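A.B. asks: Have a look at the structure that comes next, please.
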Amino acid sequence: MKLLSRSEEIVLLAIWRLQGNAYGVSIREQVSQATGREWTFGAVYVPLDKLNHKGFVNKTLSEPTSQRGGRSKCLYVLTKTGKQALREIRRVQETLWEDIPKVAFD
Amino acid sequence: MTSKKSRQHPPRLCAWLLGQFLRTEDRDHRLGDFEEVFHYKYRSSGRYVAHRWYRVQALRTLPGLIRNSIYWSLTMFNNYLTIALRNIRRHKVFSFINITGLAIGLAMFLLVARYIHFELSFDRFHDNFERICRVEQIIDHNGPKEELATGPAPLSGALATDFPEIKAVSRVISGGRVTLTLEGDQRIQERCFLADSAFFSIFSFPWVKGDSQTALDAPYSIVLTETVAEKVFGQDEALGEVVRLDDGNDYLVTGIMADVPDNSHITFDLLLSAVTISAGAETDPFSLWGDNWVPVYVLLGPQQSVSSVNEKIRFILKKYQGEQSENELYLRPLSRIHLHAAVSHEFALVGSVKNIYIFSAIALFVLVIAGINFMNLTTARSADRAREVGLRKVSGAQRSSLVRQFLGESIFTALVAMLAAVVLMKIFLPEFNSIVNRELSLSFTQDWVFFAGLLGVALLVGLLSGIYPAFFLSSFQPVNVLKGKYSSGSRNVLLRKALVVFQLFISVVLISGTIIILQQVNYLLHKDLGYNTDQMLTFPSGSLEESEYRVFRNQIIQNPNVIRVATSDYMVHSSSNWTRVSWEGAEDGQWIKMNVNYIDEDLLETYGMNIVKGRGFSREFGADKGNVVILNEAAVKEIGWENPVGRNIRYGRDYKLGGLGLVEVVGVVEDFHFLSLHNPVTPMMLRLYPEDVSGWNVSVKISSQDIPATNAFIKDQFTEFFPDSVFAYRFLDEDFERMYQEERKSGKVIFYLAVLAIFIACLGLFGLASFATKQRTKEIGIRKVMGASVNSITWLLNSQFLKLTLWGCVLAWPLSYYIMNKWLQNFLYRVPIQIWVFGLAGFAAVCVALMTVSFQSIRAAAASPSESLRNE
């Protein structure tokens, strides 16, 4: 399986954390908070499209609301493979991290 | 209330811009995301902050979105490309026909385009192109007028002093070919012109070395082009050196210039100063206003218009030639010389604007035929692709994206064809060059504009021929096609038939046109001219004393293969000297214009010309020298003499001897064509050389046996007599071919284009036929089961194409008759249009079409019905 890119990983984690309330605005807030810098919508959409194309997330459209100028909301949910991908990248990172302290403190 | 609400909208421009880069499926909810935050900001921080936030966000988001949309369209493009390639590979024959037809059409179109571009580019490299003119003259021959490329001899001086509108004036006189002797006794012939220093202020031929302002001021000055300078002096400095020419004089090299570009109407390798002509003569040849032999070029001032200067110089000859002079001057702009000039004494490299029109029309037709093929085959194949369209639509493809896919496919095919066309062009360029007699080249680095144009044409052809199939294919209803209820529709069939008829129509026009042009060229080449042209070797003799010529003649006539030797001033087929002639019994001031040529006693016999009255010239009559003349029938007729022999005629200044002449008519020669067949036979007289003068050109009639050996023999003798000259011999019949080269050129080009047009049309027919038979496979199977014979089925399949072909013929005949009749009107002597030509053209089209179609239909008819009916 191809590894996730960093932005894909962050966006995917944000969607997981948001548990069913993940859509453009909330995802952007979540990742901006977590990384401590402001993300543009564009920066969120690009990884979102790729994740969707790779089948890691599913999209569902909600009813339009007046709050959004009469536009609908697109909610994202992780798929099974999406979760697998996250576990995979975590495993890779942990494996790599394991030996770092010894090396670094030498 | 409404105003408040509208202010709550995000900035429209930014929202619209964002929308452009969001995919349709995502556009709505993503704009919603923006709007949600916008409303939140609006409520918490006010309108100003919200608007600013929206703008900044939109701006910062755009780059990412643009990159994203490119990425996704590339992904889709990848898919289209895969499908396109897969289609090309799966339908090899179809694709081959498509690409080949288009490639050939493109290649021919481009070759012709290159030629036309070159022809139109003539002389445009001069900085002052718009302001350069040649001063031409309308000579009045008491009624008939003649346009001359040359003006009176002293004209240039008068123009320079009298007209402030004219910035610079130069005489530009053709010097023919001169011979230079190199080291090691090697001789080269170079094209030569004589001009004044102002030549370089008028024209912008690139200058290399020396002072261009004064280079041609002194007599015996010479300016060499770089190539000649290198031939003569190698790497050594040429400037200031001396060159000896075959006139025996030494010329001082006063300048070096770059080689003359191919697209210059004045073509030369070296320039001599025009004043050299005066320096060698006892009386200045540039002094007489009655001598019309000097071409003059002028540069007009920056603000002058050609027409206003034209008005000023029109009648100035009255001032110099006397009030009675009806001769007029006019300016011919540089842009009108190469393609439009049709005047006497023309020395320029002339093209033909008619050829340009004909070629471009035909090249366009060939391209259209190829484009039609493409359209036809693609729509014909629509059944194959109906399923794909259905499936794509079901999976959510929009019609616009299908249109884009099919257009993309046809453009892709056109681009592949373009690559093939470039290769074809490279291959055919030398052949094409020899047909059109030009040196066209093709280099990717220099002609990038041309290749950009080529790319444009390919894209355009791909787009135009792809538009119909694209809209046609994308209109399928998925429900129907997926159920297999597909039919090609009668509208579509009708269009395809119309296109096929159109292709055949053009083919038949081209075939019949080609036949008639070839007939006409053949007629021009083989028409009885009034003399014999076979095995006639001619060469210029240089300046030769009569006694020397006699020795030379006696030498070469020793050879048994040399039958006759004669000399004349002008060649018999291009005698271009005219004089005014009056006659015994004419009214006061009555005269006619007559062509005049000097010949010796042997010329009439050498060329086999017929004397119809009186006698020819003969050595037996000692008194014949100098004061006898032979007229042609046209002259006798125009004068109106019943019995011309023994009468006298009088003519103006003799071009050879000077002074006035009164000469006796001793005979009448049957009319012969002393100019090309573009000119009628007009009055002419043949003069006999006086005692100690001989001609400029030698004609040798040789036997047909062992021509190369005879040739070599004459060459040896020539070199012995004229060690400084080059033996520049020509066979007369070759000259005739050269004379009609513009016609031959159009004949050949049209012939090739016609062949290609037919070939491309056949490719299209082949494709259509194979498609049509495939569609009727089941029908054929059932017919066979019911007992139809192979013959009857073949006929059934062929007859529909035969009908189309006949339609094409019927439409083509009147049009080609009209066009060819119009073309033939250009010739004084022409072939009649024969009806069988059209029959033949139609027959050829029918044969080729039937052969092409039968290949498919016989195969289909011969197939076993069990094969075709098995899968249901």
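Note on naming: chains are A, B, ... as they come in the structure tokens, residues start from 1 per chain, ligands start from 1 in the order shown.
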Using only C-alpha atoms, what table do you get, as a Markdown table, when you list each residue of chain B with an atom no more than 6 Å from chain A, its nearest pair of atoms, and their distance in Å rounded to one decimal, rows by chain then rising number?

C.D. replies:
```
| residue | atom | partner | partner_atom | distance |
| --- | --- | --- | --- | --- |
| B:His29 | CA | A:Lys73 | CA | 5.2 |
| B:Gly32 | CA | A:Arg68 | CA | 5.0 |
| B:Asp33 | CA | A:Val25 | CA | 5.6 |
| B:Glu35 | CA | A:Arg68 | CA | 5.4 |
| B:Glu36 | CA | A:Arg68 | CA | 4.7 |
| B:Thr61 | CA | A:Gly42 | CA | 4.4 |
| B:Gly64 | CA | A:Gly42 | CA | 5.4 |
| B:Leu65 | CA | A:Gly42 | CA | 5.8 |
```

A.B. asks: Store the residues picked out above, limited to N, CA, C and O atoms, as a PDB file, in the first residue's frame.

C.D. replies:
```pdb
ATOM      1  N   HIS B  29     -21.092  22.357  -2.320  1.00  0.00           N
ATOM      2  CA  HIS B  29     -20.830  22.284  -0.868  1.00  0.00           C
ATOM      3  C   HIS B  29     -19.531  22.961  -0.480  1.00  0.00           C
ATOM      4  O   HIS B  29     -19.360  23.405   0.648  1.00  0.00           O
ATOM      5  N   GLY B  32     -20.237  26.410  -0.062  1.00  0.00           N
ATOM      6  CA  GLY B  32     -20.979  26.445   1.200  1.00  0.00           C
ATOM      7  C   GLY B  32     -20.037  26.573   2.384  1.00  0.00           C
ATOM      8  O   GLY B  32     -20.281  27.344   3.320  1.00  0.00           O
ATOM      9  N   ASP B  33     -18.935  25.831   2.342  1.00  0.00           N
ATOM     10  CA  ASP B  33     -17.934  25.925   3.409  1.00  0.00           C
ATOM     11  C   ASP B  33     -17.463  27.364   3.572  1.00  0.00           C
ATOM     12  O   ASP B  33     -17.410  27.907   4.676  1.00  0.00           O
ATOM     13  N   GLU B  35     -18.954  30.019   2.610  1.00  0.00           N
ATOM     14  CA  GLU B  35     -20.023  30.918   3.015  1.00  0.00           C
ATOM     15  C   GLU B  35     -20.319  30.802   4.509  1.00  0.00           C
ATOM     16  O   GLU B  35     -20.610  31.783   5.176  1.00  0.00           O
ATOM     17  N   GLU B  36     -20.203  29.586   5.015  1.00  0.00           N
ATOM     18  CA  GLU B  36     -20.488  29.386   6.436  1.00  0.00           C
ATOM     19  C   GLU B  36     -19.549  30.219   7.298  1.00  0.00           C
ATOM     20  O   GLU B  36     -19.978  30.946   8.182  1.00  0.00           O
ATOM     21  N   THR B  61      -6.440  30.415  -1.647  1.00  0.00           N
ATOM     22  CA  THR B  61      -6.868  29.060  -1.991  1.00  0.00           C
ATOM     23  C   THR B  61      -6.687  28.750  -3.472  1.00  0.00           C
ATOM     24  O   THR B  61      -6.396  27.627  -3.847  1.00  0.00           O
ATOM     25  N   GLY B  64      -3.801  26.526  -5.084  1.00  0.00           N
ATOM     26  CA  GLY B  64      -3.977  25.105  -4.775  1.00  0.00           C
ATOM     27  C   GLY B  64      -5.083  24.487  -5.612  1.00  0.00           C
ATOM     28  O   GLY B  64      -4.930  23.408  -6.173  1.00  0.00           O
ATOM     29  N   LEU B  65      -6.206  25.240  -5.740  1.00  0.00           N
ATOM     30  CA  LEU B  65      -7.343  24.716  -6.498  1.00  0.00           C
ATOM     31  C   LEU B  65      -6.986  24.550  -7.966  1.00  0.00           C
ATOM     32  O   LEU B  65      -7.357  23.571  -8.616  1.00  0.00           O
TER      33      LEU B  65
END
```

A.B. asks: Residues of range 4-80 of chain A in alpha helix (DSSP H) according to DSSP, as number ranges by chain?

C.D. replies: A: 6-18, 24-35, 41-54, 80

A.B. asks: Restricting it to N, CA and C atoms, dump the selection as a short mmCIF file (atom, residue, chain, number, x, y, z; two decimals), in the first residue's frame.

C.D. replies:
```cif
data_model
loop_
_atom_site.label_atom_id
_atom_site.label_comp_id
_atom_site.auth_asym_id
_atom_site.auth_seq_id
_atom_site.Cartn_x
_atom_site.Cartn_y
_atom_site.Cartn_z
N ARG A 6 2.03 13.66 4.27
CA ARG A 6 1.82 14.26 5.58
C ARG A 6 0.48 14.97 5.67
N SER A 7 0.12 15.78 4.65
CA SER A 7 -1.14 16.51 4.74
C SER A 7 -2.33 15.56 4.69
N GLU A 8 -2.21 14.51 3.89
CA GLU A 8 -3.28 13.53 3.86
C GLU A 8 -3.47 12.88 5.22
N GLU A 9 -2.35 12.58 5.84
CA GLU A 9 -2.40 11.94 7.15
C GLU A 9 -3.10 12.83 8.18
N ILE A 10 -2.71 14.11 8.16
CA ILE A 10 -3.30 15.04 9.12
C ILE A 10 -4.79 15.20 8.89
N VAL A 11 -5.18 15.35 7.61
CA VAL A 11 -6.59 15.53 7.31
C VAL A 11 -7.37 14.28 7.68
N LEU A 12 -6.78 13.12 7.39
CA LEU A 12 -7.47 11.87 7.68
C LEU A 12 -7.68 11.70 9.19
N LEU A 13 -6.63 12.05 9.96
CA LEU A 13 -6.74 11.97 11.43
C LEU A 13 -7.82 12.91 11.94
N ALA A 14 -7.86 14.11 11.33
CA ALA A 14 -8.87 15.09 11.75
C ALA A 14 -10.27 14.55 11.52
N ILE A 15 -10.47 13.90 10.37
CA ILE A 15 -11.79 13.35 10.06
C ILE A 15 -12.16 12.27 11.08
N TRP A 16 -11.18 11.45 11.43
CA TRP A 16 -11.43 10.38 12.40
C TRP A 16 -11.86 10.97 13.72
N ARG A 17 -11.09 12.01 14.17
CA ARG A 17 -11.38 12.63 15.44
C ARG A 17 -12.76 13.28 15.46
N LEU A 18 -13.17 13.87 14.32
CA LEU A 18 -14.44 14.59 14.27
C LEU A 18 -15.64 13.65 14.29
N GLY A 24 -15.89 20.44 5.40
CA GLY A 24 -14.87 21.45 5.11
C GLY A 24 -14.49 22.34 6.28
N VAL A 25 -15.51 23.01 6.87
CA VAL A 25 -15.21 24.01 7.89
C VAL A 25 -14.61 23.38 9.14
N SER A 26 -15.24 22.28 9.60
CA SER A 26 -14.75 21.68 10.85
C SER A 26 -13.38 21.05 10.66
N ILE A 27 -13.15 20.44 9.52
CA ILE A 27 -11.83 19.84 9.27
C ILE A 27 -10.76 20.92 9.28
N ARG A 28 -11.07 22.04 8.64
CA ARG A 28 -10.09 23.12 8.56
C ARG A 28 -9.75 23.64 9.96
N GLU A 29 -10.80 23.81 10.79
CA GLU A 29 -10.57 24.29 12.16
C GLU A 29 -9.69 23.33 12.93
N GLN A 30 -10.06 22.05 12.82
CA GLN A 30 -9.36 21.00 13.55
C GLN A 30 -7.87 20.99 13.21
N VAL A 31 -7.56 20.98 11.88
CA VAL A 31 -6.14 20.88 11.50
C VAL A 31 -5.41 22.18 11.81
N SER A 32 -6.10 23.31 11.71
CA SER A 32 -5.44 24.57 12.04
C SER A 32 -5.06 24.60 13.51
N GLN A 33 -6.00 24.14 14.35
CA GLN A 33 -5.73 24.10 15.80
C GLN A 33 -4.55 23.19 16.11
N ALA A 34 -4.61 21.99 15.51
CA ALA A 34 -3.61 20.98 15.83
C ALA A 34 -2.22 21.40 15.38
N THR A 35 -2.13 22.02 14.20
CA THR A 35 -0.80 22.37 13.70
C THR A 35 -0.36 23.75 14.12
N PHE A 41 -8.71 26.78 2.77
CA PHE A 41 -9.60 25.71 2.33
C PHE A 41 -8.95 24.87 1.24
N GLY A 42 -8.25 25.58 0.34
CA GLY A 42 -7.60 24.87 -0.75
C GLY A 42 -6.66 23.80 -0.24
N ALA A 43 -5.91 24.15 0.84
CA ALA A 43 -4.95 23.21 1.38
C ALA A 43 -5.65 21.99 1.98
N VAL A 44 -6.91 22.16 2.34
CA VAL A 44 -7.67 21.03 2.88
C VAL A 44 -8.27 20.20 1.74
N TYR A 45 -8.79 20.91 0.73
CA TYR A 45 -9.50 20.21 -0.35
C TYR A 45 -8.59 19.29 -1.15
N VAL A 46 -7.35 19.74 -1.41
CA VAL A 46 -6.46 18.94 -2.25
C VAL A 46 -6.25 17.54 -1.66
N PRO A 47 -5.81 17.45 -0.36
CA PRO A 47 -5.68 16.10 0.20
C PRO A 47 -7.02 15.37 0.30
N LEU A 48 -8.10 16.13 0.54
CA LEU A 48 -9.42 15.49 0.65
C LEU A 48 -9.78 14.76 -0.65
N ASP A 49 -9.55 15.45 -1.80
CA ASP A 49 -9.87 14.84 -3.10
C ASP A 49 -9.05 13.58 -3.32
N LYS A 50 -7.77 13.67 -2.94
CA LYS A 50 -6.91 12.50 -3.14
C LYS A 50 -7.35 11.34 -2.27
N LEU A 51 -7.70 11.66 -1.01
CA LEU A 51 -8.14 10.62 -0.10
C LEU A 51 -9.41 9.96 -0.63
N ASN A 52 -10.28 10.78 -1.16
CA ASN A 52 -11.53 10.26 -1.70
C ASN A 52 -11.25 9.36 -2.90
N HIS A 53 -10.33 9.83 -3.77
CA HIS A 53 -9.98 9.07 -4.96
C HIS A 53 -9.36 7.72 -4.59
N LYS A 54 -8.56 7.73 -3.50
CA LYS A 54 -7.92 6.49 -3.08
C LYS A 54 -8.87 5.58 -2.30
N LYS A 80 -12.89 1.64 5.86
CA LYS A 80 -12.03 0.64 6.48
C LYS A 80 -10.59 0.81 6.03
#
```

A.B. asks: Just how far from CA of Thr225 in chain B is CA of Arg187 in chain B, in Å to one decimal?

C.D. replies: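 Going from CA of Arg187 in chain B over to CA of Thr225 in chain B, I get 17.0 Å.
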
A.B. asks: Grab the CA of Pro478 in chain B to CA of Thr413 in chain B distance for me, in Å with one decimal place.

C.D. replies: 26.0 Å

A.B. asks: Provide the CA of Ala279 in chain B to CA of Ile222 in chain B distance in Å, to one decimal place.

C.D. replies: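 Separating CA of Ala279 in chain B from CA of Ile222 in chain B is a distance of 14.3 Å.
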
A.B. asks: Skip Gln19 in chain A itself and residues of its chain fewer than 5 positions away, then list as a ChimeraX atom specification all residues within 10 Å of it, counting only C-alpha atoms.

C.D. replies: /A:14,76-78
